[in-house]
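Below is target05.txt, holding compact mmCIF, C-alpha atoms.
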```
# COMPACT_ATOMS: atom_id res chain seq x y z
CA ASP A 99 18.10 -6.19 -46.70
CA GLY A 100 14.55 -7.45 -46.46
CA GLY A 101 12.54 -6.56 -43.41
CA ILE A 102 9.98 -4.42 -41.65
CA THR A 103 10.70 -0.88 -40.60
CA GLN A 104 8.75 1.19 -38.12
CA SER A 105 9.25 4.85 -37.50
CA PRO A 106 9.83 6.68 -35.35
CA LYS A 107 11.25 4.54 -32.55
CA TYR A 108 9.96 6.94 -29.87
CA LEU A 109 7.00 9.27 -30.25
CA PHE A 110 5.65 11.84 -27.82
CA ARG A 111 2.31 13.55 -28.20
CA LYS A 112 -0.04 15.71 -26.20
CA GLU A 113 -3.42 14.36 -25.25
CA GLY A 114 -6.08 15.16 -27.82
CA GLN A 115 -3.78 14.96 -30.83
CA ASN A 116 -3.97 12.30 -33.51
CA VAL A 117 -0.70 10.58 -34.36
CA THR A 118 0.28 8.25 -37.21
CA LEU A 119 2.76 5.41 -36.83
CA SER A 120 4.56 4.20 -39.91
CA CYS A 121 5.10 0.57 -40.94
CA GLU A 122 6.83 -0.44 -44.18
CA GLN A 123 7.87 -3.89 -45.40
CA ASN A 124 9.88 -5.01 -48.42
CA LEU A 125 9.26 -8.73 -47.93
CA ASN A 126 6.49 -8.81 -50.54
CA HIS A 127 4.12 -10.08 -47.86
CA ASP A 128 0.40 -9.78 -48.44
CA ALA A 129 -0.71 -9.69 -44.81
CA MET A 130 0.16 -7.00 -42.28
CA TYR A 131 -0.79 -6.56 -38.64
CA TRP A 132 -0.72 -3.99 -35.87
CA TYR A 133 -0.37 -5.03 -32.23
CA ARG A 134 -0.25 -3.17 -28.99
CA GLN A 135 1.90 -4.37 -26.09
CA ASP A 136 1.40 -3.22 -22.51
CA PRO A 137 3.46 -4.28 -19.47
CA GLY A 138 2.32 -7.63 -18.10
CA GLN A 139 -0.01 -8.28 -21.02
CA GLY A 140 0.37 -10.26 -24.17
CA LEU A 141 0.28 -8.64 -27.58
CA ARG A 142 -3.21 -7.57 -28.56
CA LEU A 143 -4.32 -7.26 -32.16
CA ILE A 144 -5.53 -3.83 -33.25
CA TYR A 145 -6.04 -4.22 -37.01
CA TYR A 146 -4.91 -6.55 -39.74
CA SER A 147 -4.93 -6.50 -43.51
CA GLN A 148 -4.66 -9.51 -45.78
CA ILE A 149 -4.71 -7.62 -49.05
CA VAL A 150 -4.38 -4.09 -50.37
CA ASN A 151 -7.43 -1.87 -49.81
CA ASP A 152 -8.89 -4.26 -47.27
CA PHE A 153 -8.45 -4.47 -43.51
CA GLN A 154 -10.22 -5.98 -40.53
CA LYS A 155 -10.63 -4.94 -36.92
CA GLY A 156 -8.83 -6.90 -34.28
CA ASP A 157 -9.72 -7.23 -30.63
CA ILE A 158 -8.99 -3.63 -29.62
CA ALA A 159 -9.67 -1.47 -32.69
CA GLU A 160 -11.58 1.30 -30.93
CA GLY A 161 -9.76 4.62 -31.15
CA TYR A 162 -7.49 3.46 -33.99
CA SER A 163 -7.65 3.65 -37.77
CA VAL A 164 -5.55 2.18 -40.58
CA SER A 165 -5.18 2.30 -44.34
CA ARG A 166 -3.66 -0.13 -46.83
CA GLU A 167 -3.21 1.74 -50.11
CA LYS A 168 0.03 -0.02 -50.98
CA LYS A 169 1.21 -3.57 -50.33
CA GLU A 170 4.33 -2.30 -48.62
CA SER A 171 2.72 0.14 -46.22
CA PHE A 172 0.23 -0.16 -43.36
CA PRO A 173 0.14 3.06 -41.28
CA LEU A 174 -1.71 3.18 -37.98
CA THR A 175 -3.38 6.34 -36.71
CA VAL A 176 -3.96 6.65 -32.98
CA THR A 177 -6.86 9.04 -32.63
CA SER A 178 -7.83 11.26 -29.72
CA ALA A 179 -10.67 8.79 -29.06
CA GLN A 180 -8.22 6.16 -27.82
CA LYS A 181 -8.51 6.46 -24.05
CA ASN A 182 -5.14 5.02 -23.09
CA PRO A 183 -2.79 5.35 -26.07
CA THR A 184 0.55 5.15 -24.27
CA ALA A 185 1.99 1.76 -25.23
CA PHE A 186 4.53 -0.08 -27.36
CA TYR A 187 3.19 -0.64 -30.88
CA LEU A 188 4.41 -3.50 -33.05
CA CYS A 189 3.82 -4.03 -36.74
CA ALA A 190 4.13 -7.47 -38.32
CA SER A 191 3.71 -9.10 -41.69
CA SER A 192 3.27 -12.59 -43.05
CA ILE A 193 3.12 -14.33 -46.40
CA ASP A 194 -0.48 -15.04 -47.26
CA SER A 195 -0.28 -18.78 -47.44
CA GLN A 196 -2.99 -21.34 -46.90
CA VAL A 197 -0.63 -23.43 -44.82
CA ILE A 198 1.88 -21.29 -43.08
CA TYR A 199 1.46 -17.88 -41.56
CA GLU A 200 4.85 -17.20 -40.06
CA GLN A 201 4.98 -13.67 -38.74
CA TYR A 202 7.85 -11.24 -38.94
CA PHE A 203 7.98 -8.20 -36.69
CA GLY A 204 9.31 -4.68 -36.91
CA PRO A 205 11.35 -3.06 -34.12
CA GLY A 206 8.34 -1.26 -32.61
CA THR A 207 7.34 2.32 -31.80
CA ARG A 208 6.98 3.45 -28.22
CA LEU A 209 4.23 6.08 -28.00
CA THR A 210 3.90 8.29 -24.96
CA VAL A 211 0.91 10.60 -24.65
CA THR A 212 0.84 13.18 -21.87
CA LYS B 344 -11.97 -17.07 -28.14
CA GLN B 345 -8.50 -18.56 -28.04
CA GLU B 346 -6.58 -17.96 -24.81
CA VAL B 347 -2.87 -18.54 -24.53
CA THR B 348 -1.11 -18.96 -21.19
CA GLN B 349 2.60 -19.12 -20.47
CA ILE B 350 4.00 -20.50 -17.25
CA PRO B 351 6.10 -19.50 -15.45
CA ALA B 352 5.92 -15.73 -15.91
CA ALA B 353 9.56 -15.42 -14.87
CA LEU B 354 12.43 -17.86 -14.58
CA SER B 355 15.96 -17.48 -13.33
CA VAL B 356 18.55 -20.20 -13.91
CA PRO B 357 22.34 -20.54 -13.62
CA GLU B 358 24.32 -20.68 -16.83
CA GLY B 359 24.60 -24.13 -18.36
CA GLU B 360 21.26 -25.44 -17.18
CA ASN B 361 18.71 -26.96 -19.50
CA LEU B 362 15.26 -25.45 -19.15
CA VAL B 363 11.69 -25.77 -20.39
CA LEU B 364 9.20 -23.01 -21.06
CA ASN B 365 5.52 -23.86 -21.29
CA CYS B 366 2.71 -22.58 -23.46
CA SER B 367 -0.90 -23.73 -23.31
CA PHE B 368 -3.88 -22.80 -25.45
CA THR B 369 -7.59 -23.40 -25.06
CA ASP B 370 -8.68 -24.21 -28.61
CA SER B 371 -6.83 -26.99 -30.43
CA ALA B 372 -8.02 -25.81 -33.87
CA ILE B 373 -4.80 -24.06 -34.80
CA TYR B 374 -2.80 -23.80 -38.01
CA ASN B 375 0.57 -23.39 -36.39
CA LEU B 376 2.37 -22.23 -33.27
CA GLN B 377 5.29 -19.84 -33.25
CA TRP B 378 7.85 -19.11 -30.55
CA PHE B 379 9.44 -15.67 -30.35
CA ARG B 380 12.15 -13.97 -28.39
CA GLN B 381 11.85 -10.33 -27.32
CA ASP B 382 14.68 -8.27 -25.89
CA PRO B 383 13.76 -5.22 -23.77
CA GLY B 384 12.34 -2.41 -25.89
CA LYS B 385 12.71 -4.38 -29.11
CA GLY B 386 10.49 -6.15 -31.59
CA LEU B 387 9.93 -9.89 -31.68
CA THR B 388 12.36 -12.29 -33.29
CA SER B 389 10.97 -15.56 -34.58
CA LEU B 390 12.67 -18.63 -33.11
CA LEU B 391 10.67 -21.61 -34.28
CA LEU B 392 7.48 -22.29 -36.17
CA ILE B 393 5.64 -25.58 -35.71
CA GLN B 394 2.95 -26.44 -38.20
CA SER B 395 -0.18 -28.13 -36.85
CA SER B 396 0.81 -31.42 -38.49
CA GLN B 397 4.23 -31.44 -36.85
CA ARG B 398 5.24 -32.63 -33.39
CA GLU B 399 8.46 -30.72 -32.96
CA GLN B 400 11.01 -28.40 -34.50
CA THR B 401 14.66 -27.89 -33.67
CA SER B 402 17.06 -25.04 -34.23
CA GLY B 403 20.47 -25.23 -32.61
CA ARG B 404 20.01 -25.42 -28.84
CA LEU B 405 16.26 -24.88 -29.12
CA ASN B 406 13.63 -27.56 -29.45
CA ALA B 407 9.93 -26.83 -29.56
CA SER B 408 7.23 -29.46 -29.27
CA LEU B 409 3.53 -29.31 -29.99
CA ASP B 410 0.70 -31.44 -28.65
CA LYS B 411 -2.41 -30.06 -30.29
CA SER B 412 -4.85 -32.43 -28.65
CA SER B 413 -3.82 -31.32 -25.17
CA GLY B 414 -3.32 -27.69 -26.16
CA ARG B 415 0.32 -27.54 -25.13
CA SER B 416 3.70 -26.56 -26.47
CA THR B 417 7.09 -26.50 -24.81
CA LEU B 418 10.28 -24.70 -25.70
CA TYR B 419 13.37 -26.54 -24.52
CA ILE B 420 16.62 -24.58 -24.27
CA ALA B 421 19.75 -26.64 -23.83
CA ALA B 422 22.90 -25.45 -22.08
CA SER B 423 21.55 -21.98 -21.34
CA GLN B 424 23.78 -18.94 -21.79
CA PRO B 425 23.55 -15.37 -20.42
CA GLY B 426 22.76 -14.22 -23.97
CA ASP B 427 19.55 -16.26 -23.80
CA SER B 428 18.17 -13.78 -21.24
CA ALA B 429 15.03 -12.30 -22.79
CA THR B 430 11.27 -12.68 -22.80
CA TYR B 431 9.96 -15.66 -24.73
CA LEU B 432 6.49 -15.54 -26.22
CA CYS B 433 4.39 -18.14 -27.94
CA ALA B 434 1.65 -17.38 -30.42
CA VAL B 435 -0.99 -19.58 -32.02
CA ASP B 436 -2.43 -18.99 -35.46
CA THR B 437 -6.14 -19.72 -35.76
CA GLY B 438 -6.33 -18.79 -39.45
CA ASN B 439 -6.93 -15.07 -39.46
CA GLN B 440 -5.47 -14.07 -36.15
CA PHE B 441 -2.53 -14.79 -33.95
CA TYR B 442 -3.08 -15.01 -30.22
CA PHE B 443 -0.13 -14.37 -27.95
CA GLY B 444 0.75 -15.48 -24.47
CA THR B 445 2.04 -12.97 -21.92
CA GLY B 446 5.52 -14.39 -22.11
CA THR B 447 8.13 -15.90 -19.83
CA SER B 448 10.93 -13.60 -18.74
CA LEU B 449 14.14 -15.64 -18.62
CA THR B 450 17.29 -14.61 -16.79
CA VAL B 451 20.41 -16.75 -17.15
CA ILE B 452 22.88 -16.00 -14.39
CA PRO B 453 26.59 -16.23 -15.29
```

Written form, structure tokens:
Amino acid sequence: DGGITQSPKYLFRKEGQNVTLSCEQNLNHDAMYWYRQDPGQGLRLIYYSQIVNDFQKGDIAEGYSVSREKKESFPLTVTSAQKNPTAFYLCASSIDSQVIYEQYFGPGTRLTVT
Amino acid sequence: KQEVTQIPAALSVPEGENLVLNCSFTDSAIYNLQWFRQDPGKGLTSLLLIQSSQREQTSGRLNASLDKSSGRSTLYIAASQPGDSATYLCAVDTGNQFYFGTGTSLTVIP
């Protein structure tokens, strides 16, 4: 089955610890994205990558870091510098096309930091 | 910066009713607009994608329209069912980024 997987589904961490969220896709998509979703707010873009070894900051990149060493993988690290890390994190991918950028989403990871 | 608004924030209808969800955006320079469904605690499922050159797209009981010049899109759901209960989000693609609305939470009452 083709799709996007995110793991784990639930993640609990103590304040001050870095944590890495996994995102893997087997859709052969070039572009990958990380979003954060908070109650009552729309999805906000953290980072995106349109090609391996390249990524760009989104609207709320502070306190986060990413890498894109493989086409299939785009892990997100939530660092201790992120002031309010508790949220639902969604990974997405899309075919890098000049015309159509339909996005496909993973099931999400709910991160709770106490 | 593109801003996307969805009205209403919540909607409750009896089963069988037809309904319309609204999405508006501030910058008409978009590549496409995508409608998603999100169930509680889950990821987003793509429903319909409308390219900027298109006026509407249909899939089963769903019909989405796009009026770029006025910055509006609607999602029409025919003969609503309890299984349609979810949050519906629209997103516009400006080229490098997608901008999302805050969603409309739909409840279909049996």

Name the closest residue to chain A among the candidates B:Ser389, B:Ser396, B:Ser371, B:Ser428; distances are taken between atoms, counting only C-alpha atoms.
B:Ser389

When distances are computed from only C-alpha atoms, which of B:Ile420, B:Leu376, B:Leu409, B:Val347 shows the smallest separation from Glu360 of chain B?
B:Ile420

Output as a PDB file with C-alpha atoms, keeping the file's coordinate frame the set of chain A residues within 10 Å of chain B, with distances taken over all atoms listed in the file.
```
ATOM      1  CA  GLN A 104       8.750   1.190 -38.120  1.00  0.00           C
ATOM      2  CA  LYS A 107      11.250   4.540 -32.550  1.00  0.00           C
ATOM      3  CA  ALA A 129      -0.710  -9.690 -44.810  1.00  0.00           C
ATOM      4  CA  TYR A 131      -0.790  -6.560 -38.640  1.00  0.00           C
ATOM      5  CA  GLN A 135       1.900  -4.370 -26.090  1.00  0.00           C
ATOM      6  CA  ASP A 136       1.400  -3.220 -22.510  1.00  0.00           C
ATOM      7  CA  PRO A 137       3.460  -4.280 -19.470  1.00  0.00           C
ATOM      8  CA  GLY A 138       2.320  -7.630 -18.100  1.00  0.00           C
ATOM      9  CA  GLN A 139      -0.010  -8.280 -21.020  1.00  0.00           C
ATOM     10  CA  GLY A 140       0.370 -10.260 -24.170  1.00  0.00           C
ATOM     11  CA  LEU A 141       0.280  -8.640 -27.580  1.00  0.00           C
ATOM     12  CA  ARG A 142      -3.210  -7.570 -28.560  1.00  0.00           C
ATOM     13  CA  LEU A 143      -4.320  -7.260 -32.160  1.00  0.00           C
ATOM     14  CA  TYR A 145      -6.040  -4.220 -37.010  1.00  0.00           C
ATOM     15  CA  TYR A 146      -4.910  -6.550 -39.740  1.00  0.00           C
ATOM     16  CA  SER A 147      -4.930  -6.500 -43.510  1.00  0.00           C
ATOM     17  CA  GLN A 148      -4.660  -9.510 -45.780  1.00  0.00           C
ATOM     18  CA  GLN A 154     -10.220  -5.980 -40.530  1.00  0.00           C
ATOM     19  CA  GLY A 156      -8.830  -6.900 -34.280  1.00  0.00           C
ATOM     20  CA  ASP A 157      -9.720  -7.230 -30.630  1.00  0.00           C
ATOM     21  CA  PHE A 186       4.530  -0.080 -27.360  1.00  0.00           C
ATOM     22  CA  TYR A 187       3.190  -0.640 -30.880  1.00  0.00           C
ATOM     23  CA  LEU A 188       4.410  -3.500 -33.050  1.00  0.00           C
ATOM     24  CA  CYS A 189       3.820  -4.030 -36.740  1.00  0.00           C
ATOM     25  CA  ALA A 190       4.130  -7.470 -38.320  1.00  0.00           C
ATOM     26  CA  GLN A 196      -2.990 -21.340 -46.900  1.00  0.00           C
ATOM     27  CA  VAL A 197      -0.630 -23.430 -44.820  1.00  0.00           C
ATOM     28  CA  ILE A 198       1.880 -21.290 -43.080  1.00  0.00           C
ATOM     29  CA  TYR A 199       1.460 -17.880 -41.560  1.00  0.00           C
ATOM     30  CA  GLU A 200       4.850 -17.200 -40.060  1.00  0.00           C
ATOM     31  CA  GLN A 201       4.980 -13.670 -38.740  1.00  0.00           C
ATOM     32  CA  TYR A 202       7.850 -11.240 -38.940  1.00  0.00           C
ATOM     33  CA  PHE A 203       7.980  -8.200 -36.690  1.00  0.00           C
ATOM     34  CA  GLY A 204       9.310  -4.680 -36.910  1.00  0.00           C
ATOM     35  CA  PRO A 205      11.350  -3.060 -34.120  1.00  0.00           C
ATOM     36  CA  GLY A 206       8.340  -1.260 -32.610  1.00  0.00           C
ATOM     37  CA  THR A 207       7.340   2.320 -31.800  1.00  0.00           C
ATOM     38  CA  ARG A 208       6.980   3.450 -28.220  1.00  0.00           C
TER      39      ARG A 208
END
```

So, counting only C-alpha atoms, which residue among A:Thr212, A:Thr184, A:Ser105, A:Asn126 is closest to Lys169 of chain A?
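Closest candidate: A:Asn126.
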
Skip Lys112 of chain A itself and residues of its chain fewer than 6 positions away, then list as a list in words all residues within 10 Å of it, counting all atoms listed in the file.
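Near Lys112 of chain A, the qualifying residues are Ser178, Thr210, Val211 and Thr212 of chain A.
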
Could you tell me how far atom CA of Ala407 of chain B lies from atom CA of Gln345 of chain B, in Å and to one decimal?
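Separation of atom CA of Ala407 of chain B and atom CA of Gln345 of chain B: 20.3 Å.
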
Axis-aligned box for all listed atoms of segment 129-146 of chain A, 6 Å per side, centre and edges in Å to one decimal, as JSON:
```
{"center_x": -1.3, "center_y": -6.7, "center_z": -31.5, "size_x": 21.5, "size_y": 19.1, "size_z": 38.7}
```

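Taking atom CA of Gln115 of chain A as the reference point, atom CA of Thr177 of chain A is found at 6.9 Å.
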
Hey, can you check how far atom CA of Glu113 of chain A sits from atom CA of Pro383 of chain B?
26.1 Å

So, with all atoms listed in the file as the atoms that count, which of A:Arg111, A:Val150, A:Asn116, A:Ala185 lies closest to Phe172 of chain A?
A:Val150

Env of Gly414 of chain B: 9 Å cut, atoms = only C-alpha atoms, seq-sep filter 5 positions within chain, self excluded. Answer as a list in words.
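Those residues are Cys366, Ser367, Phe368, Thr369, Asp370, Ser371 and Leu409 of chain B.
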
Ref. answer, residues at most 6 Å from (7.6, -12.0, -46.6) with all atoms listed in the file, as number ranges by chain:
A: 125-127, 192-193

From the options A:Glu170, A:Thr118, A:Glu160, A:Asp152, which residue's atoms come nearest to Ser191 of chain A, counting all atoms listed in the file?
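Going through A:Glu170, A:Thr118, A:Glu160, A:Asp152 one by one, the smallest distance to Ser191 of chain A is for A:Glu170.
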
I need the residue nearest Ile102 of chain A from this list: A:Val164, A:Leu209, A:Cys121, A:Leu174. Use all atoms listed in the file for the distance.
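Comparing A:Val164, A:Leu209, A:Cys121, A:Leu174 against Ile102 of chain A, the winner is A:Cys121.
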